[in-house]
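Trainee: A single structure is presented below for examination.
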Amino acid sequence: MKKKWFTLLATLTMVAALGTSVSAAPVVPSADTSVSVSASEALTKDQATSEVAVDQSEQEAQKVVTKYLTAMHEKNFSDAVSLVKDSRYLSEEKQIQKYEEYSNRTDFDKIEVVGAQKESNSSVAVVIKEDGEKQNLKVIKDGEEWKLVLGDGNPATVKALNPSEISTNAAVDYYRLSGVQYGTVLIGGDAFSVGSSHSATIKGWQDTGISDVKAVNRYEIVQDVWNGWKEWSVPQKVSGNSSEKDSSSWYSKSFDGIPTGSGYHIRITGLTTPDGYGASGAGNVYVN
């Protein structure tokens, strides 16, 4: 009887030992489990990569604008020219000359870069704040470099800002238009200054040459500033024909609230209808 109990006890001891050794054995994960990635995890990784790329583009664009503002503040105009694609000037010599003028009229040290928004893989809108007003600047990728884009691409702008390179009949504070049709924009080629009166007046004539078609144009005062044209006046719309030879029929329009300064031009937008008809004319700008 003792032998049977001993045998039974030994058997139970072996089973217990065997069970312990099995439960303690390490579990080896399958190959599939170690490398599998869910679709949502993959999407998250792609989004993260995209966000990094977007941030990098925006950061590079902001750096270019910051470098440009610093170069203008420190009057390093050659450096400023190397950071931009400026369509307003026909030569680098003229560009540097104008940048020097802008630096004398603008406190670039107080212009802040406050944000950016990627528009495409090669274009970013950089937000700046100047005199409390936010503006967007376009920065593009040109080859391997990012460049600040300045200028509106309008031939009238190029003509107005390069009077020595382009032949023009305009004299100081004088403008002339010929056959200006609807939507055409002209800018007077000669800049003028505004004094303590903070006002300017234009007097002139306009005519389609056809009695049944009225000449219609919009006139306004704009200032040539570092990043384009700044509108200072409330536009004045002039409708009707007047005779070049009869000054009593001429229009007269005044613009008030213009800050004392220089670099002002008259901008004219054709509004004559129907299509195909244009207006000619001329006028003078008077300032006190």
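Just remember, in the structure tokens the first chain shown is A, the second B, etc., residues are 1-based per chain, and ligands are 1-based in the order shown.
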Which residues in segment 137-231 of chain A does DSSP call strand (DSSP E)? List them as a PDB file with N, CA, C and O atoms, in the first residue's frame.
Mentor:
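To be explicit, this is the file written out as part.pdb:
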ATOM      1  N   LEU A 137       2.665  88.255 -49.345  1.00  0.00           N
ATOM      2  CA  LEU A 137       3.730  88.313 -50.334  1.00  0.00           C
ATOM      3  C   LEU A 137       3.880  86.935 -50.959  1.00  0.00           C
ATOM      4  O   LEU A 137       3.822  85.920 -50.260  1.00  0.00           O
ATOM      5  N   LYS A 138       4.087  86.912 -52.262  1.00  0.00           N
ATOM      6  CA  LYS A 138       4.232  85.634 -52.968  1.00  0.00           C
ATOM      7  C   LYS A 138       5.718  85.245 -53.038  1.00  0.00           C
ATOM      8  O   LYS A 138       6.553  86.049 -53.444  1.00  0.00           O
ATOM      9  N   VAL A 139       5.995  84.015 -52.629  1.00  0.00           N
ATOM     10  CA  VAL A 139       7.357  83.477 -52.701  1.00  0.00           C
ATOM     11  C   VAL A 139       7.288  82.184 -53.501  1.00  0.00           C
ATOM     12  O   VAL A 139       6.447  81.325 -53.238  1.00  0.00           O
ATOM     13  N   ILE A 140       8.156  82.057 -54.511  1.00  0.00           N
ATOM     14  CA  ILE A 140       8.137  80.876 -55.375  1.00  0.00           C
ATOM     15  C   ILE A 140       9.485  80.168 -55.353  1.00  0.00           C
ATOM     16  O   ILE A 140      10.515  80.780 -55.038  1.00  0.00           O
ATOM     17  N   LYS A 141       9.456  78.898 -55.712  1.00  0.00           N
ATOM     18  CA  LYS A 141      10.693  78.133 -55.826  1.00  0.00           C
ATOM     19  C   LYS A 141      11.189  78.250 -57.257  1.00  0.00           C
ATOM     20  O   LYS A 141      10.526  77.838 -58.206  1.00  0.00           O
ATOM     21  N   ASP A 142      12.363  78.846 -57.411  1.00  0.00           N
ATOM     22  CA  ASP A 142      12.966  79.085 -58.717  1.00  0.00           C
ATOM     23  C   ASP A 142      14.207  78.211 -58.828  1.00  0.00           C
ATOM     24  O   ASP A 142      15.271  78.575 -58.354  1.00  0.00           O
ATOM     25  N   GLU A 145      16.221  77.440 -55.487  1.00  0.00           N
ATOM     26  CA  GLU A 145      16.136  78.548 -54.549  1.00  0.00           C
ATOM     27  C   GLU A 145      14.710  79.080 -54.437  1.00  0.00           C
ATOM     28  O   GLU A 145      13.919  78.959 -55.363  1.00  0.00           O
ATOM     29  N   TRP A 146      14.415  79.680 -53.289  1.00  0.00           N
ATOM     30  CA  TRP A 146      13.143  80.364 -53.089  1.00  0.00           C
ATOM     31  C   TRP A 146      13.357  81.845 -53.321  1.00  0.00           C
ATOM     32  O   TRP A 146      14.353  82.422 -52.885  1.00  0.00           O
ATOM     33  N   LYS A 147      12.409  82.495 -54.043  1.00  0.00           N
ATOM     34  CA  LYS A 147      12.535  83.903 -54.396  1.00  0.00           C
ATOM     35  C   LYS A 147      11.242  84.651 -54.051  1.00  0.00           C
ATOM     36  O   LYS A 147      10.131  84.149 -54.272  1.00  0.00           O
ATOM     37  N   LEU A 148      11.398  85.868 -53.548  1.00  0.00           N
ATOM     38  CA  LEU A 148      10.273  86.749 -53.299  1.00  0.00           C
ATOM     39  C   LEU A 148       9.857  87.400 -54.619  1.00  0.00           C
ATOM     40  O   LEU A 148      10.708  87.926 -55.347  1.00  0.00           O
ATOM     41  N   VAL A 149       8.565  87.343 -54.951  1.00  0.00           N
ATOM     42  CA  VAL A 149       8.065  87.896 -56.208  1.00  0.00           C
ATOM     43  C   VAL A 149       7.533  89.310 -55.960  1.00  0.00           C
ATOM     44  O   VAL A 149       6.662  89.522 -55.113  1.00  0.00           O
ATOM     45  N   LEU A 150       8.059  90.278 -56.715  1.00  0.00           N
ATOM     46  CA  LEU A 150       7.612  91.663 -56.626  1.00  0.00           C
ATOM     47  C   LEU A 150       7.221  92.157 -58.010  1.00  0.00           C
ATOM     48  O   LEU A 150       7.837  91.784 -59.005  1.00  0.00           O
ATOM     49  N   TYR A 174       2.044 115.329 -65.860  1.00  0.00           N
ATOM     50  CA  TYR A 174       1.207 115.364 -67.059  1.00  0.00           C
ATOM     51  C   TYR A 174       0.961 113.926 -67.514  1.00  0.00           C
ATOM     52  O   TYR A 174       1.840 113.075 -67.416  1.00  0.00           O
ATOM     53  N   TYR A 175      -0.251 113.650 -67.980  1.00  0.00           N
ATOM     54  CA  TYR A 175      -0.552 112.303 -68.477  1.00  0.00           C
ATOM     55  C   TYR A 175      -1.358 112.403 -69.766  1.00  0.00           C
ATOM     56  O   TYR A 175      -2.066 113.379 -70.005  1.00  0.00           O
ATOM     57  N   ARG A 176      -1.205 111.385 -70.588  1.00  0.00           N
ATOM     58  CA  ARG A 176      -1.937 111.331 -71.854  1.00  0.00           C
ATOM     59  C   ARG A 176      -2.379 109.894 -72.084  1.00  0.00           C
ATOM     60  O   ARG A 176      -1.656 108.950 -71.764  1.00  0.00           O
ATOM     61  N   LEU A 177      -3.584 109.726 -72.654  1.00  0.00           N
ATOM     62  CA  LEU A 177      -4.073 108.393 -72.989  1.00  0.00           C
ATOM     63  C   LEU A 177      -4.604 108.399 -74.415  1.00  0.00           C
ATOM     64  O   LEU A 177      -5.078 109.428 -74.897  1.00  0.00           O
ATOM     65  N   SER A 178      -4.508 107.240 -75.052  1.00  0.00           N
ATOM     66  CA  SER A 178      -4.928 107.142 -76.450  1.00  0.00           C
ATOM     67  C   SER A 178      -5.632 105.818 -76.701  1.00  0.00           C
ATOM     68  O   SER A 178      -5.049 104.741 -76.541  1.00  0.00           O
ATOM     69  N   GLY A 179      -6.929 105.887 -77.074  1.00  0.00           N
ATOM     70  CA  GLY A 179      -7.697 104.691 -77.408  1.00  0.00           C
ATOM     71  C   GLY A 179      -7.798 103.684 -76.287  1.00  0.00           C
ATOM     72  O   GLY A 179      -7.768 102.472 -76.522  1.00  0.00           O
ATOM     73  N   VAL A 180      -7.938 104.163 -75.050  1.00  0.00           N
ATOM     74  CA  VAL A 180      -7.999 103.266 -73.883  1.00  0.00           C
ATOM     75  C   VAL A 180      -9.352 102.575 -73.838  1.00  0.00           C
ATOM     76  O   VAL A 180     -10.395 103.225 -73.689  1.00  0.00           O
ATOM     77  N   VAL A 185      -5.373  99.360 -68.125  1.00  0.00           N
ATOM     78  CA  VAL A 185      -4.852 100.157 -67.014  1.00  0.00           C
ATOM     79  C   VAL A 185      -3.602 100.897 -67.466  1.00  0.00           C
ATOM     80  O   VAL A 185      -2.672 100.296 -68.014  1.00  0.00           O
ATOM     81  N   LEU A 186      -3.584 102.192 -67.257  1.00  0.00           N
ATOM     82  CA  LEU A 186      -2.427 103.030 -67.565  1.00  0.00           C
ATOM     83  C   LEU A 186      -1.940 103.688 -66.280  1.00  0.00           C
ATOM     84  O   LEU A 186      -2.740 103.997 -65.386  1.00  0.00           O
ATOM     85  N   ILE A 187      -0.632 103.919 -66.209  1.00  0.00           N
ATOM     86  CA  ILE A 187      -0.053 104.607 -65.056  1.00  0.00           C
ATOM     87  C   ILE A 187       0.837 105.724 -65.577  1.00  0.00           C
ATOM     88  O   ILE A 187       1.689 105.496 -66.443  1.00  0.00           O
ATOM     89  N   PHE A 192       5.234 112.320 -58.858  1.00  0.00           N
ATOM     90  CA  PHE A 192       5.140 113.648 -58.266  1.00  0.00           C
ATOM     91  C   PHE A 192       5.073 113.519 -56.750  1.00  0.00           C
ATOM     92  O   PHE A 192       4.834 112.433 -56.207  1.00  0.00           O
ATOM     93  N   SER A 193       5.287 114.627 -56.072  1.00  0.00           N
ATOM     94  CA  SER A 193       5.273 114.656 -54.609  1.00  0.00           C
ATOM     95  C   SER A 193       4.037 115.379 -54.105  1.00  0.00           C
ATOM     96  O   SER A 193       3.478 116.235 -54.795  1.00  0.00           O
ATOM     97  N   VAL A 194       3.620 115.041 -52.911  1.00  0.00           N
ATOM     98  CA  VAL A 194       2.479 115.694 -52.267  1.00  0.00           C
ATOM     99  C   VAL A 194       2.985 116.366 -50.996  1.00  0.00           C
ATOM    100  O   VAL A 194       3.730 115.767 -50.212  1.00  0.00           O
ATOM    101  N   SER A 199      -3.217 116.752 -50.611  1.00  0.00           N
ATOM    102  CA  SER A 199      -4.214 116.635 -51.675  1.00  0.00           C
ATOM    103  C   SER A 199      -3.575 116.825 -53.041  1.00  0.00           C
ATOM    104  O   SER A 199      -2.474 117.363 -53.173  1.00  0.00           O
ATOM    105  N   ALA A 200      -4.279 116.361 -54.062  1.00  0.00           N
ATOM    106  CA  ALA A 200      -3.866 116.541 -55.452  1.00  0.00           C
ATOM    107  C   ALA A 200      -5.120 116.695 -56.295  1.00  0.00           C
ATOM    108  O   ALA A 200      -6.180 116.140 -55.968  1.00  0.00           O
ATOM    109  N   THR A 201      -5.009 117.468 -57.368  1.00  0.00           N
ATOM    110  CA  THR A 201      -6.144 117.706 -58.252  1.00  0.00           C
ATOM    111  C   THR A 201      -5.740 117.409 -59.689  1.00  0.00           C
ATOM    112  O   THR A 201      -4.620 117.739 -60.107  1.00  0.00           O
ATOM    113  N   ILE A 202      -6.625 116.742 -60.432  1.00  0.00           N
ATOM    114  CA  ILE A 202      -6.372 116.503 -61.843  1.00  0.00           C
ATOM    115  C   ILE A 202      -7.392 117.291 -62.675  1.00  0.00           C
ATOM    116  O   ILE A 202      -8.554 117.419 -62.295  1.00  0.00           O
ATOM    117  N   LYS A 203      -6.935 117.834 -63.769  1.00  0.00           N
ATOM    118  CA  LYS A 203      -7.804 118.540 -64.709  1.00  0.00           C
ATOM    119  C   LYS A 203      -7.433 118.091 -66.114  1.00  0.00           C
ATOM    120  O   LYS A 203      -6.257 118.037 -66.460  1.00  0.00           O
ATOM    121  N   GLY A 204      -8.439 117.758 -66.925  1.00  0.00           N
ATOM    122  CA  GLY A 204      -8.130 117.303 -68.268  1.00  0.00           C
ATOM    123  C   GLY A 204      -9.365 117.031 -69.098  1.00  0.00           C
ATOM    124  O   GLY A 204     -10.487 117.386 -68.715  1.00  0.00           O
ATOM    125  N   TRP A 205      -9.153 116.398 -70.221  1.00  0.00           N
ATOM    126  CA  TRP A 205     -10.243 116.087 -71.131  1.00  0.00           C
ATOM    127  C   TRP A 205     -10.174 114.629 -71.557  1.00  0.00           C
ATOM    128  O   TRP A 205      -9.114 113.976 -71.469  1.00  0.00           O
ATOM    129  N   GLN A 206     -11.283 114.083 -72.013  1.00  0.00           N
ATOM    130  CA  GLN A 206     -11.349 112.716 -72.537  1.00  0.00           C
ATOM    131  C   GLN A 206     -12.459 112.656 -73.573  1.00  0.00           C
ATOM    132  O   GLN A 206     -13.492 113.332 -73.442  1.00  0.00           O
ATOM    133  N   ASP A 207     -12.252 111.834 -74.594  1.00  0.00           N
ATOM    134  CA  ASP A 207     -13.218 111.818 -75.698  1.00  0.00           C
ATOM    135  C   ASP A 207     -13.068 110.526 -76.493  1.00  0.00           C
ATOM    136  O   ASP A 207     -11.949 110.057 -76.716  1.00  0.00           O
ATOM    137  N   VAL A 216     -15.516 106.867 -70.599  1.00  0.00           N
ATOM    138  CA  VAL A 216     -15.623 106.612 -69.160  1.00  0.00           C
ATOM    139  C   VAL A 216     -14.283 106.065 -68.673  1.00  0.00           C
ATOM    140  O   VAL A 216     -13.794 105.052 -69.193  1.00  0.00           O
ATOM    141  N   ASN A 217     -13.713 106.719 -67.688  1.00  0.00           N
ATOM    142  CA  ASN A 217     -12.440 106.280 -67.115  1.00  0.00           C
ATOM    143  C   ASN A 217     -12.458 106.473 -65.602  1.00  0.00           C
ATOM    144  O   ASN A 217     -13.169 107.347 -65.084  1.00  0.00           O
ATOM    145  N   ARG A 218     -11.682 105.667 -64.909  1.00  0.00           N
ATOM    146  CA  ARG A 218     -11.522 105.810 -63.464  1.00  0.00           C
ATOM    147  C   ARG A 218     -10.112 106.325 -63.182  1.00  0.00           C
ATOM    148  O   ARG A 218      -9.127 105.772 -63.681  1.00  0.00           O
ATOM    149  N   TYR A 219     -10.007 107.382 -62.370  1.00  0.00           N
ATOM    150  CA  TYR A 219      -8.726 107.999 -62.036  1.00  0.00           C
ATOM    151  C   TYR A 219      -8.465 107.851 -60.542  1.00  0.00           C
ATOM    152  O   TYR A 219      -9.373 107.981 -59.722  1.00  0.00           O
ATOM    153  N   GLU A 220      -7.210 107.591 -60.196  1.00  0.00           N
ATOM    154  CA  GLU A 220      -6.848 107.475 -58.785  1.00  0.00           C
ATOM    155  C   GLU A 220      -5.362 107.761 -58.605  1.00  0.00           C
ATOM    156  O   GLU A 220      -4.579 107.698 -59.553  1.00  0.00           O
ATOM    157  N   ILE A 221      -4.991 108.084 -57.365  1.00  0.00           N
ATOM    158  CA  ILE A 221      -3.599 108.365 -57.023  1.00  0.00           C
ATOM    159  C   ILE A 221      -3.017 107.132 -56.330  1.00  0.00           C
ATOM    160  O   ILE A 221      -3.577 106.635 -55.351  1.00  0.00           O
ATOM    161  N   VAL A 222      -1.893 106.645 -56.834  1.00  0.00           N
ATOM    162  CA  VAL A 222      -1.214 105.498 -56.228  1.00  0.00           C
ATOM    163  C   VAL A 222       0.235 105.869 -55.962  1.00  0.00           C
ATOM    164  O   VAL A 222       0.794 106.770 -56.602  1.00  0.00           O
ATOM    165  N   GLN A 223       0.833 105.179 -55.009  1.00  0.00           N
ATOM    166  CA  GLN A 223       2.227 105.451 -54.660  1.00  0.00           C
ATOM    167  C   GLN A 223       3.092 104.236 -54.940  1.00  0.00           C
ATOM    168  O   GLN A 223       2.703 103.092 -54.661  1.00  0.00           O
ATOM    169  N   ASP A 224       4.236 104.486 -55.495  1.00  0.00           N
ATOM    170  CA  ASP A 224       5.213 103.440 -55.779  1.00  0.00           C
ATOM    171  C   ASP A 224       5.935 103.091 -54.485  1.00  0.00           C
ATOM    172  O   ASP A 224       6.753 103.868 -53.987  1.00  0.00           O
ATOM    173  N   VAL A 225       5.606 101.920 -53.889  1.00  0.00           N
ATOM    174  CA  VAL A 225       6.253 101.469 -52.658  1.00  0.00           C
ATOM    175  C   VAL A 225       7.020 100.185 -52.926  1.00  0.00           C
ATOM    176  O   VAL A 225       6.955  99.615 -54.018  1.00  0.00           O
ATOM    177  N   GLY A 228       5.008  97.146 -54.428  1.00  0.00           N
ATOM    178  CA  GLY A 228       3.968  97.334 -55.437  1.00  0.00           C
ATOM    179  C   GLY A 228       3.361  98.722 -55.382  1.00  0.00           C
ATOM    180  O   GLY A 228       4.004  99.685 -54.965  1.00  0.00           O
ATOM    181  N   TRP A 229       2.099  98.828 -55.798  1.00  0.00           N
ATOM    182  CA  TRP A 229       1.387 100.107 -55.781  1.00  0.00           C
ATOM    183  C   TRP A 229       0.504 100.192 -54.552  1.00  0.00           C
ATOM    184  O   TRP A 229      -0.266  99.286 -54.271  1.00  0.00           O
ATOM    185  N   LYS A 230       0.591 101.302 -53.829  1.00  0.00           N
ATOM    186  CA  LYS A 230      -0.258 101.519 -52.659  1.00  0.00           C
ATOM    187  C   LYS A 230      -1.309 102.563 -53.013  1.00  0.00           C
ATOM    188  O   LYS A 230      -0.965 103.656 -53.473  1.00  0.00           O
ATOM    189  N   GLU A 231      -2.575 102.222 -52.818  1.00  0.00           N
ATOM    190  CA  GLU A 231      -3.673 103.129 -53.164  1.00  0.00           C
ATOM    191  C   GLU A 231      -3.956 104.060 -51.988  1.00  0.00           C
ATOM    192  O   GLU A 231      -4.264 103.616 -50.897  1.00  0.00           O
TER     193      GLU A 231
END
Trainee: If you count only C-alpha atoms, which residues fall within 9 Å of Glu112 of chain A, apart from same-chain ones fewer than 6 positions away, as a list in words?
Mentor: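 The residues that qualify are Thr66, Leu69, Val127, Ile128, Lys129 and Glu130 of chain A.
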Trainee: Please dump the current selection as an mmCIF file, in the first residue's frame; keep N, CA and C atoms.
Mentor:
data_model
loop_
_atom_site.group_PDB
_atom_site.id
_atom_site.type_symbol
_atom_site.label_atom_id
_atom_site.label_comp_id
_atom_site.auth_asym_id
_atom_site.auth_seq_id
_atom_site.Cartn_x
_atom_site.Cartn_y
_atom_site.Cartn_z
ATOM 1 N N THR A 66 12.433 87.389 -44.711
ATOM 2 C CA THR A 66 13.172 87.977 -43.588
ATOM 3 C C THR A 66 14.533 88.482 -44.042
ATOM 4 N N LEU A 69 14.022 91.738 -46.074
ATOM 5 C CA LEU A 69 13.740 92.879 -45.214
ATOM 6 C C LEU A 69 14.998 93.346 -44.493
ATOM 7 N N VAL A 127 2.865 85.990 -44.964
ATOM 8 C CA VAL A 127 2.095 87.103 -44.400
ATOM 9 C C VAL A 127 3.031 88.022 -43.633
ATOM 10 N N ILE A 128 2.979 89.318 -43.953
ATOM 11 C CA ILE A 128 3.752 90.314 -43.225
ATOM 12 C C ILE A 128 2.806 91.318 -42.587
ATOM 13 N N LYS A 129 3.300 92.037 -41.608
ATOM 14 C CA LYS A 129 2.529 93.115 -40.983
ATOM 15 C C LYS A 129 3.355 94.390 -41.071
ATOM 16 N N GLU A 130 2.777 95.396 -41.740
ATOM 17 C CA GLU A 130 3.434 96.690 -41.894
ATOM 18 C C GLU A 130 2.466 97.781 -41.463
#
Trainee: So, with only C-alpha atoms as the atoms that count, which of A:Ile96, A:Ile111, A:Leu161, A:Val64 lies closest to Ser78 of chain A?
Mentor: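 Of the candidates, the smallest distance to Ser78 of chain A is held by A:Ile96.
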Trainee: Check the smallest atom-to-atom distance from each of A:Asn136, A:Ser248, A:Ser91, A:Ser82 to Val113 of chain A using only C-alpha atoms, then report the winner.
Mentor: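 Of the candidates, the smallest distance to Val113 of chain A is held by A:Asn136.
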Trainee: How many Å lie between atom CA of Ser262 of chain A and atom CA of Val114 of chain A, rounded to one decimal?
Mentor: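 Distance between the two atoms: 28.4 Å.
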Trainee: Just to confirm, what's the straight-line distance from atom CA of Val234 of chain A to atom CA of Asn104 of chain A in Å (one decimal)?
Mentor: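 Separation between atom CA of Val234 of chain A and atom CA of Asn104 of chain A: 26.3 Å.
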Trainee: What lies within 12 Å of Asn76 of chain A using only C-alpha atoms, ignoring chain neighbours under 6 positions off, as JSON, numbers by chain?
Mentor: {"A": [67, 68, 69, 70, 82, 83, 96, 97, 99, 100, 103]}
Trainee: I need the residues from that last selection saved to file as a compact mmCIF listing (two decimals), in the first residue's frame (with C-alpha atoms), if you can.
Mentor:
# COMPACT_ATOMS: atom_id res chain seq x y z
CA LYS A 67 16.53 88.11 -45.38
CA TYR A 68 15.11 90.57 -47.92
CA LEU A 69 13.74 92.88 -45.21
CA THR A 70 17.07 92.74 -43.38
CA SER A 82 19.55 88.37 -55.35
CA LEU A 83 16.57 87.32 -53.20
CA ILE A 96 19.11 99.07 -57.08
CA GLN A 97 18.40 102.78 -57.60
CA TYR A 99 15.49 99.98 -53.81
CA GLU A 100 17.62 102.78 -52.37
CA SER A 103 14.82 102.19 -48.12
Trainee: Go through segment 38-123 of chain A and collect every residue that DSSP, computed from the backbone, puts in alpha helix (DSSP H); the answer should be as an MDAnalysis selection string.
Mentor: chainID A and resid 39:73 77:82 92:105
Trainee: For Pro274 of chain A, which residue out of A:Ser254, A:Gln59, A:Ser197, A:Thr208 is the nearest one, using only C-alpha atoms?
Mentor: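 Residue with the minimum atom-to-atom distance to Pro274 of chain A: A:Thr208.
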Trainee: For each of A:Glu74, A:Asp152, A:Glu144, A:Asp55, take the minimum atom-to-atom distance to Ala116 of chain A, counting only C-alpha atoms, then give the residue where this is smallest.
Mentor: A:Asp55
Trainee: Using only C-alpha atoms, determine which residues lie at most 9 Å from Asn162 of chain A, disregarding the query and same-chain residues fewer than 4 positions distant; provide the list as a list in words.
Mentor: Arg88, Tyr89, Leu90, Lys94, Thr157, Val158, Ile166 and Gly189 of chain A
Trainee: Can you measure atom CA of Ala61 of chain A to atom CA of Ser120 of chain A for me? One decimal in Å is fine.
Mentor: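 Separation of atom CA of Ala61 of chain A and atom CA of Ser120 of chain A: 12.2 Å.
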